[in-house]
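Visitor: Enclosed is the structure file entry-v6.txt (compact mmCIF, C-alpha atoms).
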# COMPACT_ATOMS: atom_id res chain seq x y z
CA MET I 1 39.13 29.12 -0.58
CA THR I 2 37.38 28.77 2.74
CA PRO I 3 39.57 28.50 5.87
CA GLU I 4 38.74 24.79 5.99
CA GLU I 5 39.79 24.24 2.37
CA LEU I 6 42.99 26.18 2.92
CA ALA I 7 43.75 24.15 6.04
CA GLY I 8 43.47 21.02 3.90
CA VAL I 9 46.25 22.20 1.59
CA ARG I 10 48.31 24.02 4.23
CA GLU I 11 51.19 21.54 4.00
CA ASP I 12 51.37 21.86 0.20
CA LEU I 13 51.21 25.65 0.42
CA GLU I 14 53.99 25.78 3.00
CA ALA I 15 56.22 23.64 0.76
CA PHE I 16 55.39 25.84 -2.25
CA ALA I 17 56.10 29.04 -0.29
CA ALA I 18 59.37 27.63 1.04
CA GLU I 19 60.43 27.01 -2.55
CA LEU I 20 59.55 30.53 -3.69
CA PHE I 21 60.82 32.42 -0.65
CA GLY I 22 63.86 30.26 0.04
CA GLY I 23 66.10 33.08 -1.16
CA PHE I 24 64.95 35.40 1.64
CA PHE I 25 67.67 35.69 4.28
CA ARG I 26 65.27 36.84 6.99
CA ALA I 27 62.79 34.47 8.61
CA ASP I 28 60.22 37.26 9.06
CA GLN I 29 60.18 37.89 5.30
CA ARG I 30 59.58 34.20 4.64
CA ARG I 31 56.78 34.23 7.22
CA TRP I 32 54.99 37.27 5.84
CA GLY I 33 55.44 36.16 2.25
CA GLN I 34 53.60 32.94 2.99
CA ALA I 35 50.97 34.77 5.06
CA TYR I 36 50.29 37.25 2.25
CA VAL I 37 49.80 34.43 -0.28
CA ARG I 38 47.43 32.70 2.15
CA GLY I 39 45.46 35.91 2.52
CA LEU I 40 45.12 36.16 -1.26
CA LEU I 41 43.85 32.58 -1.46
CA LEU I 42 41.20 32.99 1.25
CA ASP I 43 37.65 33.93 0.28
CA GLY I 44 36.86 37.61 0.51
CA ARG I 45 35.66 40.52 -1.61
CA ARG I 46 38.82 42.58 -1.03
CA LYS I 47 42.40 41.33 -0.97
CA SER I 48 44.07 44.47 0.37
CA VAL I 49 46.00 44.30 3.66
CA GLU I 50 43.17 45.38 6.00
CA PRO I 51 40.57 42.71 5.10
CA MET I 52 43.23 40.00 4.68
CA THR I 53 44.53 40.73 8.17
CA ALA I 54 41.08 39.98 9.61
CA CYS I 55 41.14 36.50 8.02
CA LEU I 56 44.68 35.38 8.82
CA GLY I 57 44.36 34.51 12.49
CA GLU I 58 47.76 34.45 14.21
CA ASP I 59 49.39 35.98 11.11
CA GLY I 60 46.87 38.84 11.05
CA ASN I 61 49.44 41.54 11.82
CA ARG I 62 48.39 44.52 9.76
CA GLN I 63 51.53 46.55 10.35
CA ALA I 64 53.87 43.68 9.50
CA LEU I 65 51.98 42.73 6.32
CA ALA I 66 51.74 46.34 5.15
CA HIS I 67 55.45 46.88 5.69
CA PHE I 68 56.34 43.60 3.97
CA ILE I 69 54.37 44.38 0.82
CA THR I 70 55.02 48.13 0.57
CA PHE I 71 58.47 48.88 1.97
CA SER I 72 60.41 45.68 2.72
CA PRO I 73 63.53 45.57 0.47
CA TRP I 74 63.06 42.09 -1.01
CA ASP I 75 63.60 41.74 -4.73
CA PRO I 76 60.54 40.36 -6.55
CA ALA I 77 62.80 39.25 -9.43
CA HIS I 78 64.17 36.42 -7.28
CA VAL I 79 60.66 35.17 -6.49
CA ARG I 80 59.65 35.43 -10.14
CA ALA I 81 62.68 33.43 -11.26
CA ARG I 82 61.82 30.61 -8.84
CA LEU I 83 58.19 30.82 -9.93
CA GLY I 84 59.27 30.66 -13.58
CA TRP I 85 61.42 27.57 -12.98
CA ARG I 86 58.63 25.74 -11.16
CA MET I 87 55.88 26.57 -13.64
CA HIS I 88 58.07 25.91 -16.68
CA GLU I 89 58.73 22.42 -15.35
CA VAL I 90 55.05 21.74 -14.70
CA ILE I 91 53.42 23.45 -17.68
CA ASN I 92 56.05 22.66 -20.34
CA PRO I 93 54.93 25.79 -22.23
CA GLU I 94 54.38 26.01 -25.96
CA ALA I 95 54.63 29.80 -25.87
CA LEU I 96 55.43 32.86 -23.87
CA ILE I 97 52.55 35.34 -24.04
CA ILE I 98 53.05 39.11 -23.78
CA ASP I 99 50.07 41.25 -22.78
CA ASP I 100 48.98 44.09 -20.51
CA THR I 101 46.06 44.84 -18.24
CA GLY I 102 44.62 47.91 -16.51
CA PHE I 103 44.31 48.63 -12.78
CA LEU I 104 41.46 51.12 -12.43
CA LYS I 105 42.01 53.89 -9.88
CA ASP I 106 39.80 56.61 -8.40
CA GLY I 107 42.63 58.85 -7.21
CA ASP I 108 45.89 60.05 -8.72
CA ALA I 109 48.40 59.35 -5.93
CA SER I 110 49.46 55.80 -6.90
CA ALA I 111 52.64 55.27 -8.90
CA CYS I 112 52.21 55.77 -12.66
CA VAL I 113 48.44 56.30 -12.54
CA SER I 114 47.21 58.40 -15.44
CA ARG I 115 44.38 58.79 -17.91
CA GLN I 116 45.28 56.21 -20.55
CA TYR I 117 43.67 53.52 -22.65
CA THR I 118 43.19 50.08 -21.18
CA GLY I 119 41.37 47.11 -22.67
CA THR I 120 40.13 46.33 -19.14
CA ALA I 121 37.69 49.25 -19.44
CA GLY I 122 37.71 49.46 -23.24
CA LYS I 123 38.37 53.19 -23.11
CA VAL I 124 40.68 55.93 -21.85
CA THR I 125 40.30 56.11 -18.08
CA ASN I 126 42.21 56.76 -14.87
CA CYS I 127 44.36 53.69 -14.29
CA GLN I 128 47.72 51.99 -14.00
CA VAL I 129 48.80 49.56 -16.72
CA GLY I 130 50.90 46.48 -16.07
CA VAL I 131 52.75 44.55 -18.78
CA SER I 132 52.99 40.83 -18.03
CA VAL I 133 54.68 37.68 -19.33
CA HIS I 134 52.95 34.28 -19.16
CA LEU I 135 54.10 30.72 -19.79
CA ALA I 136 51.28 28.94 -21.58
CA THR I 137 49.81 25.90 -23.25
CA ASP I 138 46.18 25.30 -24.22
CA ARG I 139 45.50 23.68 -20.83
CA ALA I 140 47.47 25.80 -18.37
CA SER I 141 49.27 29.13 -18.01
CA ALA I 142 51.02 31.23 -15.40
CA ALA I 143 52.12 34.86 -15.14
CA VAL I 144 55.83 34.87 -14.24
CA ASN I 145 56.93 38.48 -14.75
CA TRP I 146 55.54 42.02 -14.55
CA ARG I 147 56.46 45.64 -15.27
CA LEU I 148 54.46 48.73 -14.31
CA PHE I 149 54.12 50.94 -17.40
CA VAL I 150 55.40 54.49 -16.91
CA PRO I 151 53.30 57.03 -18.88
CA ALA I 152 55.09 59.96 -20.52
CA SER I 153 53.43 62.32 -18.02
CA TRP I 154 55.46 60.65 -15.23
CA ASP I 155 58.82 60.96 -17.00
CA PRO I 156 60.75 64.18 -16.30
CA ALA I 157 62.69 63.72 -19.57
CA SER I 158 59.51 63.62 -21.68
CA PRO I 159 58.03 66.68 -23.45
CA GLU I 160 54.68 65.47 -22.09
CA ALA I 161 55.86 65.51 -18.45
CA ASP I 162 53.31 66.68 -15.89
CA PRO I 163 55.11 68.65 -13.13
CA VAL I 164 52.67 67.42 -10.48
CA LYS I 165 53.23 63.76 -11.38
CA VAL I 166 56.98 64.20 -11.76
CA ALA I 167 57.11 65.71 -8.26
CA ARG I 168 55.24 62.65 -6.96
CA ARG I 169 57.90 60.18 -8.25
CA GLY I 170 59.94 60.47 -5.06
CA ARG I 171 56.98 59.75 -2.76
CA CYS I 172 56.07 56.76 -4.92
CA GLY I 173 59.63 55.45 -4.87
CA ILE I 174 60.04 55.34 -8.65
CA PRO I 175 63.76 54.80 -9.39
CA ASP I 176 65.47 57.62 -11.30
CA ARG I 177 66.51 55.18 -14.04
CA VAL I 178 62.88 54.25 -14.81
CA GLY I 179 61.29 56.41 -17.49
CA HIS I 180 58.73 56.24 -20.24
CA VAL I 181 59.20 53.75 -23.06
CA GLU I 182 56.67 52.03 -25.32
CA LYS I 183 55.16 48.87 -23.82
CA TRP I 184 57.02 46.60 -26.23
CA GLN I 185 60.37 47.65 -24.70
CA PRO I 186 59.70 46.29 -21.17
CA ALA I 187 58.26 43.23 -22.93
CA LEU I 188 61.65 42.63 -24.59
CA ASP I 189 63.38 43.32 -21.27
CA MET I 190 61.26 40.64 -19.57
CA ILE I 191 61.97 38.22 -22.41
CA ASP I 192 65.69 38.77 -21.81
CA GLU I 193 65.15 38.22 -18.09
CA THR I 194 63.25 35.00 -18.73
CA LEU I 195 66.08 33.76 -20.95
CA SER I 196 68.59 34.70 -18.23
CA TRP I 197 66.74 32.33 -15.87
CA GLY I 198 67.65 29.49 -18.22
CA ILE I 199 64.07 29.12 -19.50
CA ASP I 200 63.73 28.28 -23.19
CA ILE I 201 61.13 30.28 -25.13
CA PRO I 202 59.66 28.14 -27.93
CA LEU I 203 57.42 30.91 -29.30
CA VAL I 204 56.37 34.48 -28.46
CA VAL I 205 52.69 35.36 -28.85
CA ALA I 206 51.23 38.87 -28.51
CA ASP I 207 48.35 41.01 -29.75
CA THR I 208 48.42 43.99 -32.10
CA GLY I 209 49.56 46.36 -29.38
CA TYR I 210 52.95 44.66 -29.67
CA GLY I 211 52.87 43.07 -33.13
CA ASP I 212 52.19 46.42 -34.80
CA ALA I 213 55.64 47.64 -33.63
CA ALA I 214 58.21 46.59 -36.23
CA ALA I 215 60.91 47.26 -33.62
CA PHE I 216 59.34 44.62 -31.35
CA ARG I 217 59.26 42.03 -34.13
CA HIS I 218 62.83 42.90 -35.07
CA GLY I 219 63.85 42.52 -31.41
CA LEU I 220 62.41 39.00 -31.39
CA GLU I 221 64.24 38.14 -34.60
CA GLU I 222 67.52 39.50 -33.18
CA ARG I 223 67.04 37.02 -30.31
CA ASP I 224 66.28 34.19 -32.79
CA LEU I 225 62.83 33.75 -31.28
CA PRO I 226 59.87 32.40 -33.26
CA TYR I 227 56.73 34.53 -32.98
CA ALA I 228 53.07 34.76 -33.98
CA VAL I 229 51.84 38.27 -33.27
CA GLY I 230 48.68 40.17 -34.11
CA ILE I 231 48.89 43.08 -36.56
CA SER I 232 46.49 45.63 -37.97
CA GLY I 233 45.13 45.18 -41.46
CA ARG I 234 46.73 48.44 -42.57
CA HIS I 235 50.26 46.98 -42.49
CA THR I 236 51.80 46.58 -45.92
CA ALA I 237 53.55 43.66 -47.59
CA HIS I 238 54.56 42.26 -50.97
CA PRO I 239 53.50 38.81 -52.15
CA ALA I 240 56.15 36.17 -51.49
CA GLU I 241 56.89 35.81 -55.21
CA ALA I 242 57.69 39.51 -55.62
CA ARG I 243 61.36 40.25 -56.32
CA PRO I 244 63.34 43.50 -56.24
CA VAL I 245 64.65 44.83 -59.54
CA GLN I 246 67.93 46.64 -60.10
CA PRO I 247 67.22 50.00 -61.81
CA THR I 248 69.30 50.95 -64.81
CA TYR I 249 72.58 52.55 -63.77
CA ALA I 250 73.31 55.83 -65.55
CA GLY I 251 77.03 55.53 -64.82
CA THR I 252 77.33 58.51 -62.46
CA GLY I 253 77.12 58.62 -58.67
CA ARG I 254 76.27 55.72 -56.41
CA PRO I 255 74.46 52.82 -58.17
CA PRO I 256 70.75 52.77 -57.17
CA ALA I 257 69.58 50.08 -54.76
CA ALA I 258 67.35 47.28 -55.97
CA GLN I 259 63.68 48.13 -55.54
CA TYR I 260 60.37 46.31 -55.74
CA PRO I 261 58.71 47.45 -58.99
CA GLU I 262 55.20 47.38 -57.52
CA PRO I 263 54.11 49.20 -54.34
CA ALA I 264 53.39 47.13 -51.25
CA HIS I 265 49.72 46.46 -50.47
CA ALA I 266 47.82 46.52 -47.18
CA VAL I 267 47.74 42.99 -45.78
CA LYS I 268 43.96 43.18 -45.63
CA ASP I 269 43.89 43.82 -49.40
CA LEU I 270 46.25 40.89 -50.04
CA VAL I 271 43.90 38.54 -48.19
CA ILE I 272 40.82 39.92 -49.96
CA ALA I 273 42.62 39.49 -53.29
CA ALA I 274 43.27 35.83 -52.42
CA GLY I 275 39.51 35.51 -52.07
CA LYS I 276 37.14 33.99 -49.57
CA ALA I 277 37.50 30.68 -51.38
CA ALA I 278 41.08 30.52 -50.03
CA ALA I 279 39.79 30.40 -46.44
CA ARG I 280 39.95 26.96 -44.84
CA PRO I 281 37.95 25.75 -41.81
CA VAL I 282 40.02 25.19 -38.67
CA SER I 283 39.03 24.08 -35.18
CA TRP I 284 41.75 25.00 -32.70
CA ARG I 285 40.58 24.22 -29.15
CA GLU I 286 37.66 23.31 -26.93
CA GLY I 287 35.48 26.18 -25.76
CA SER I 288 33.45 26.58 -22.58
CA GLN I 289 29.94 26.07 -24.01
CA PRO I 290 28.18 22.67 -24.24
CA GLY I 291 28.54 21.02 -27.63
CA LYS I 292 28.37 17.77 -29.57
CA SER I 293 32.06 16.87 -29.52
CA ARG I 294 33.31 13.76 -27.73
CA SER I 295 34.23 15.86 -24.71
CA GLY I 296 30.74 17.36 -24.59
CA VAL I 297 31.84 20.95 -25.19
CA LYS I 298 31.73 23.11 -28.29
CA ARG I 299 35.00 23.49 -30.17
CA MET I 300 36.28 26.90 -31.29
CA TYR I 301 35.94 27.05 -35.06
CA SER I 302 36.41 29.57 -37.87
CA HIS I 303 37.88 30.01 -41.38
CA PHE I 304 41.43 31.16 -42.05
CA VAL I 305 43.63 32.27 -44.93
CA ALA I 306 47.41 31.76 -44.73
CA LEU I 307 49.68 33.50 -47.24
CA ARG I 308 53.43 33.81 -47.59
CA VAL I 309 54.31 37.51 -47.82
CA ARG I 310 57.23 39.92 -47.48
CA PRO I 311 56.36 42.58 -44.87
CA ALA I 312 57.25 46.10 -45.97
CA GLY I 313 57.02 49.58 -44.51
CA ARG I 314 59.05 51.74 -42.16
CA GLY I 315 61.05 49.87 -39.55
CA VAL I 316 61.16 46.55 -41.41
CA ASN I 317 64.77 45.36 -41.52
CA LYS I 318 66.38 43.44 -44.34
CA ALA I 319 69.79 41.86 -44.54
CA ALA I 320 72.54 44.25 -45.62
CA ASP I 321 73.72 41.88 -48.36
CA ASP I 322 70.25 40.84 -49.57
CA PRO I 323 67.86 43.28 -51.27
CA GLU I 324 64.93 40.93 -50.72
CA LEU I 325 62.59 41.51 -47.79
CA PRO I 326 62.28 38.44 -45.53
CA GLU I 327 59.40 36.06 -46.12
CA ARG I 328 56.82 35.59 -43.36
CA TRP I 329 53.42 34.05 -42.71
CA LEU I 330 50.38 36.29 -42.98
CA LEU I 331 47.46 34.61 -41.22
CA ALA I 332 43.95 36.05 -41.41
CA GLU I 333 40.70 34.97 -39.81
CA TRP I 334 37.79 35.27 -42.25
CA PRO I 335 34.59 33.86 -40.71
CA ALA I 336 32.08 32.40 -43.13
CA ASP I 337 29.45 35.01 -42.21
CA GLU I 338 31.77 38.03 -42.65
CA LYS I 339 32.31 40.01 -45.87
CA GLU I 340 36.00 40.55 -45.17
CA PRO I 341 38.73 39.24 -42.83
CA VAL I 342 38.49 40.34 -39.21
CA GLN I 343 41.90 39.59 -37.66
CA PHE I 344 45.50 39.33 -38.85
CA TRP I 345 48.80 37.88 -37.60
CA LEU I 346 52.42 37.86 -38.78
CA SER I 347 54.67 34.93 -37.96
CA ASN I 348 58.22 33.81 -38.72
CA LEU I 349 57.36 30.14 -38.09
CA PRO I 350 58.67 27.74 -40.77
CA SER I 351 57.13 27.83 -44.24
CA GLY I 352 55.92 24.23 -43.99
CA MET I 353 53.88 24.84 -40.84
CA PRO I 354 50.39 23.21 -41.12
CA LEU I 355 47.53 25.71 -41.09
CA ALA I 356 45.86 24.11 -38.06
CA THR I 357 49.08 24.41 -36.02
CA LEU I 358 49.64 28.00 -37.11
CA VAL I 359 46.09 28.94 -36.09
CA ARG I 360 46.27 27.15 -32.74
CA LEU I 361 49.53 28.85 -31.79
CA ALA I 362 48.38 32.31 -32.87
CA LYS I 363 45.14 31.87 -30.93
CA LEU I 364 47.04 30.81 -27.81
CA ARG I 365 47.20 34.48 -26.77
CA ARG I 366 43.60 34.20 -25.58
CA ARG I 367 44.87 32.07 -22.70
CA VAL I 368 46.09 35.23 -20.98
CA GLU I 369 42.50 36.39 -20.52
CA HIS I 370 41.90 33.32 -18.34
CA ASP I 371 44.85 34.33 -16.14
CA TYR I 372 43.74 37.95 -15.78
CA ARG I 373 40.17 36.89 -14.97
CA GLU I 374 41.25 34.48 -12.22
CA MET I 375 43.80 36.85 -10.72
CA LYS I 376 41.39 39.79 -10.69
CA GLN I 377 38.18 38.08 -9.65
CA ALA I 378 39.50 35.58 -7.11
CA LEU I 379 42.98 36.68 -6.04
CA GLY I 380 42.84 40.46 -5.75
CA LEU I 381 45.20 41.48 -8.55
CA GLY I 382 43.70 44.97 -8.67
CA HIS I 383 43.18 45.40 -4.91
CA PHE I 384 46.56 46.82 -3.90
CA GLU I 385 45.93 50.09 -2.08
CA GLY I 386 49.54 51.15 -1.59
CA ARG I 387 51.02 53.94 -3.67
CA THR I 388 54.61 52.83 -4.17
CA PHE I 389 56.28 51.48 -7.28
CA THR I 390 57.96 48.70 -5.29
CA GLY I 391 54.76 47.79 -3.46
CA TRP I 392 52.90 47.35 -6.75
CA HIS I 393 55.57 44.95 -8.05
CA HIS I 394 55.57 43.03 -4.74
CA HIS I 395 51.78 42.64 -4.83
CA VAL I 396 51.45 41.45 -8.44
CA THR I 397 54.32 39.00 -7.90
CA LEU I 398 52.59 37.40 -4.90
CA VAL I 399 49.24 37.33 -6.73
CA SER I 400 51.04 35.44 -9.52
CA ALA I 401 52.37 33.04 -6.87
CA ALA I 402 48.85 32.47 -5.50
CA HIS I 403 47.54 31.90 -9.02
CA ALA I 404 50.38 29.45 -9.74
CA PHE I 405 49.50 27.49 -6.59
CA CYS I 406 45.90 27.20 -7.79
CA THR I 407 47.15 26.05 -11.20
CA LEU I 408 49.39 23.42 -9.64
CA ARG I 409 46.45 22.06 -7.62
CA ARG I 410 44.30 21.94 -10.74
CA LEU I 411 46.96 20.10 -12.74
CA THR I 412 47.76 17.53 -10.05
CA ARG I 413 44.20 16.84 -8.86
CA ASP I 414 42.88 13.33 -9.42
CA PRO I 415 40.45 13.54 -12.42
CA LYS I 416 37.89 11.65 -10.34
CA ASP I 417 37.90 14.33 -7.64
CA PRO I 418 35.21 17.00 -7.89
CA ALA I 419 36.40 20.42 -8.99
CA PRO I 420 36.47 23.07 -6.25
CA ALA I 421 33.66 25.59 -6.15
Could I get this structure in the form of structure tokens?

Guide:
Amino acid sequence: MTPEELAGVREDLEAFAAELFGGFFRADQRRWGQAYVRGLLLDGRRKSVEPMTACLGEDGNRQALAHFITFSPWDPAHVRARLGWRMHEVINPEALIIDDTGFLKDGDASACVSRQYTGTAGKVTNCQVGVSVHLATDRASAAVNWRLFVPASWDPASPEADPVKVARRGRCGIPDRVGHVEKWQPALDMIDETLSWGIDIPLVVADTGYGDAAAFRHGLEERDLPYAVGISGRHTAHPAEARPVQPTYAGTGRPPAAQYPEPAHAVKDLVIAAGKAAARPVSWREGSQPGKSRSGVKRMYSHFVALRVRPAGRGVNKAADDPELPERWLLAEWPADEKEPVQFWLSNLPSGMPLATLVRLAKLRRRVEHDYREMKQALGLGHFEGRTFTGWHHHVTLVSAAHAFCTLRRLTRDPKDPAPA
């Protein structure tokens, strides 16, 4: 926003900031929290403390802003909870999306920076990785929680620990209790935190980086949460009609457990066996390109196969008193111009779920890309230049607040008003 545009919404922003930062006991923290969010909203190529200070006028106190974001002992969890309550009320989410994004770095002094894969660059590179949780519908979404991923090289208890990085933990302020775990574990932790805020989670959506972990899916089922998560085609499953068979008991030793007589098949092979004729056309949302629909934009469209299967393989849990594996949806996208399916999902949504609804909910994960794009390109998500663990969490929390404010303006704007540039 330009200074003039921001001045026009100053009253709304102050009310929004008062709501988010109302839990701060100190007036200076409330002041600098609002100032930092204003700095993120103002136009500018960089949203680190130095350039924001130059744009903030009377609140352009570099030392105060730097201290507030890097060292001040305010708990970002309290701000995120208030942000979650506000955005849940406004968005009325259909799903909670789990994803992660990379923060590219030139140096190696920032907390948890390492050479690791990130989809942001599409390769292994020097970066931090943040796991995030978003409340979402087709029309709006908001990031409400974050965790900085700790690579094994930063964990003194890991066999892969790097002594140089471990020695840097103290300077970066990484708590002793924080170590390396797979990304799906902080995702479950944030789900538990979201539930503790009193926010209902109607559905969890995630890509293959999370859906491939049977422990993650099992964690969702333990919490009685519906899910639609991406998986790789190599995962195995039995057809829904398959049943375990009790082997003949020889009369000595422990009776053998019931087993499926046929080996499980890769889910990709199950879909191919169903045949391309089983694929049905589905349009799930409006795209961004001009089209011939009533709204004037092209609708997203492809072909999908939905099968009922029983996922198998290591880590899949079955009830202790039931030898049958649980039945789930296997959804596959098989475009008309492709020789084989290109994407797969598993879901524990009800068996009577219409195909169009199943597709739309599974595809809702794409909404997170909109959030990352806006937060990175316009609000400085990746511009934090501090090196501390706490500072990183402070910064991403306030970027999420700035993004939420933009979303609120977009949702409440009169449809006749022109969209902002």

Visitor: Rounded to one decimal place, report the atom CA of I:Val9-atom CA of I:Gly84 distance in Å.

Guide: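 If I compute the distance from atom CA of I:Val9 to atom CA of I:Gly84, I get 21.7 Å.
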
Visitor: Between I:Trp329, I:Trp85, I:Tyr249, I:Phe304, which residue has the minimum interatomic distance to I:Leu135, considering all atoms listed in the file?

Guide: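 For I:Leu135, the nearest of the given residues is I:Trp85.
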
Visitor: Given the point (47.9, 50.0, -3.9) in the file's coordinates, find the residues that have an atom at most 12 Å from it, counting only C-alpha atoms, and give them as a VMD selection string.

Guide: chain I and resid 47 to 50 66 69 to 70 103 to 113 127 to 128 172 380 to 396

Visitor: Using only C-alpha atoms, can you tell me which of I:Leu330, I:Asp162, I:Thr252, I:Cys406 comes closest to I:Leu42?

Guide: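 Closest candidate: I:Cys406.
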
Visitor: Which value, in Å to one decimal, gives the distance between atom CA of I:Arg139 and atom CA of I:Arg80?

Guide: 21.3 Å

Visitor: Using all atoms listed in the file, find the one residue out of I:Glu340, I:Asp322, I:Glu4, I:Leu220 that sits nearest to I:Ala277.

Guide: I:Glu340

Visitor: Kindly give the distance, in Å, that separates atom CA of I:Pro350 and atom CA of I:Glu327, rounded to a single decimal.

Guide: 9.9 Å

Visitor: Do a neighbour search on I:Asn145 at 8 Å with only C-alpha atoms, toss out local chain neighbours closer than 5 positions, and write the hits as a list in words.

Guide: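 Returned residues: Ala77, Arg80, Ser132, Val133, His134, Met190 and Thr397 of chain I.
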
Visitor: Could you list, as an mmCIF file with C-alpha atoms, in the coordinates of the input, every residue within 7 Å of I:Ala278, counting all atoms listed in the file and ignoring same-chain residues fewer than 3 positions away?

Guide:
data_model
loop_
_atom_site.group_PDB
_atom_site.id
_atom_site.type_symbol
_atom_site.label_atom_id
_atom_site.label_comp_id
_atom_site.auth_asym_id
_atom_site.auth_seq_id
_atom_site.Cartn_x
_atom_site.Cartn_y
_atom_site.Cartn_z
ATOM 1 C CA ALA I 274 43.270 35.830 -52.420
ATOM 2 C CA GLY I 275 39.510 35.510 -52.070
ATOM 3 C CA VAL I 305 43.630 32.270 -44.930
#

Visitor: If we count only C-alpha atoms and set the cut-off at 10 Å, which residues sit around I:Ala215, ignoring sequence neighbours fewer than 5 positions away in its own chain? Please answer as a list in words.

Guide: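 Those residues are Trp184, Gln185, Tyr210, Leu220, Glu221, Arg314, Gly315, Val316 and Asn317 of chain I.
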
Visitor: Name the residues in contact with I:Ala18 at a cut-off of 10 Å, using only C-alpha atoms, excluding same-chain residues fewer than 3 positions from it; report them as a PyMOL selection string.

Guide: chain I and resi 12-15+21-24+30-31+33-34

Visitor: Would you fill the gaps in stretch 169-180 of chain I so it has N, CA and C atoms, then print it as a CSV table (one decimal), in the coordinates of the input?

Guide:
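And here's out32.csv as it stands now:
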chain,number,residue,atom,x,y,z
I,169,ARG,N,57.1,61.4,-8.0
I,169,ARG,CA,57.9,60.2,-8.2
I,169,ARG,C,58.6,59.8,-7.0
I,170,GLY,N,59.2,60.8,-6.3
I,170,GLY,CA,59.9,60.5,-5.1
I,170,GLY,C,59.1,59.8,-4.0
I,171,ARG,N,57.9,60.3,-3.8
I,171,ARG,CA,57.0,59.8,-2.8
I,171,ARG,C,56.5,58.3,-3.1
I,172,CYS,N,56.5,58.1,-4.5
I,172,CYS,CA,56.1,56.8,-4.9
I,172,CYS,C,57.2,55.8,-5.0
I,173,GLY,N,58.5,56.3,-4.8
I,173,GLY,CA,59.6,55.4,-4.9
I,173,GLY,C,60.0,55.0,-6.3
I,174,ILE,N,59.7,55.7,-7.3
I,174,ILE,CA,60.0,55.3,-8.6
I,174,ILE,C,61.5,55.6,-8.9
I,175,PRO,N,62.3,54.6,-9.2
I,175,PRO,CA,63.8,54.8,-9.4
I,175,PRO,C,64.0,55.8,-10.5
I,176,ASP,N,65.1,56.6,-10.3
I,176,ASP,CA,65.5,57.6,-11.3
I,176,ASP,C,65.7,57.0,-12.7
I,177,ARG,N,66.2,55.8,-12.7
I,177,ARG,CA,66.5,55.2,-14.0
I,177,ARG,C,65.3,54.8,-14.8
I,178,VAL,N,64.1,54.7,-14.2
I,178,VAL,CA,62.9,54.2,-14.8
I,178,VAL,C,62.1,55.4,-15.4
I,179,GLY,N,62.0,55.4,-16.8
I,179,GLY,CA,61.3,56.4,-17.5
I,179,GLY,C,60.3,55.8,-18.5
I,180,HIS,N,59.7,56.7,-19.3
I,180,HIS,CA,58.7,56.2,-20.2
I,180,HIS,C,59.4,55.6,-21.5
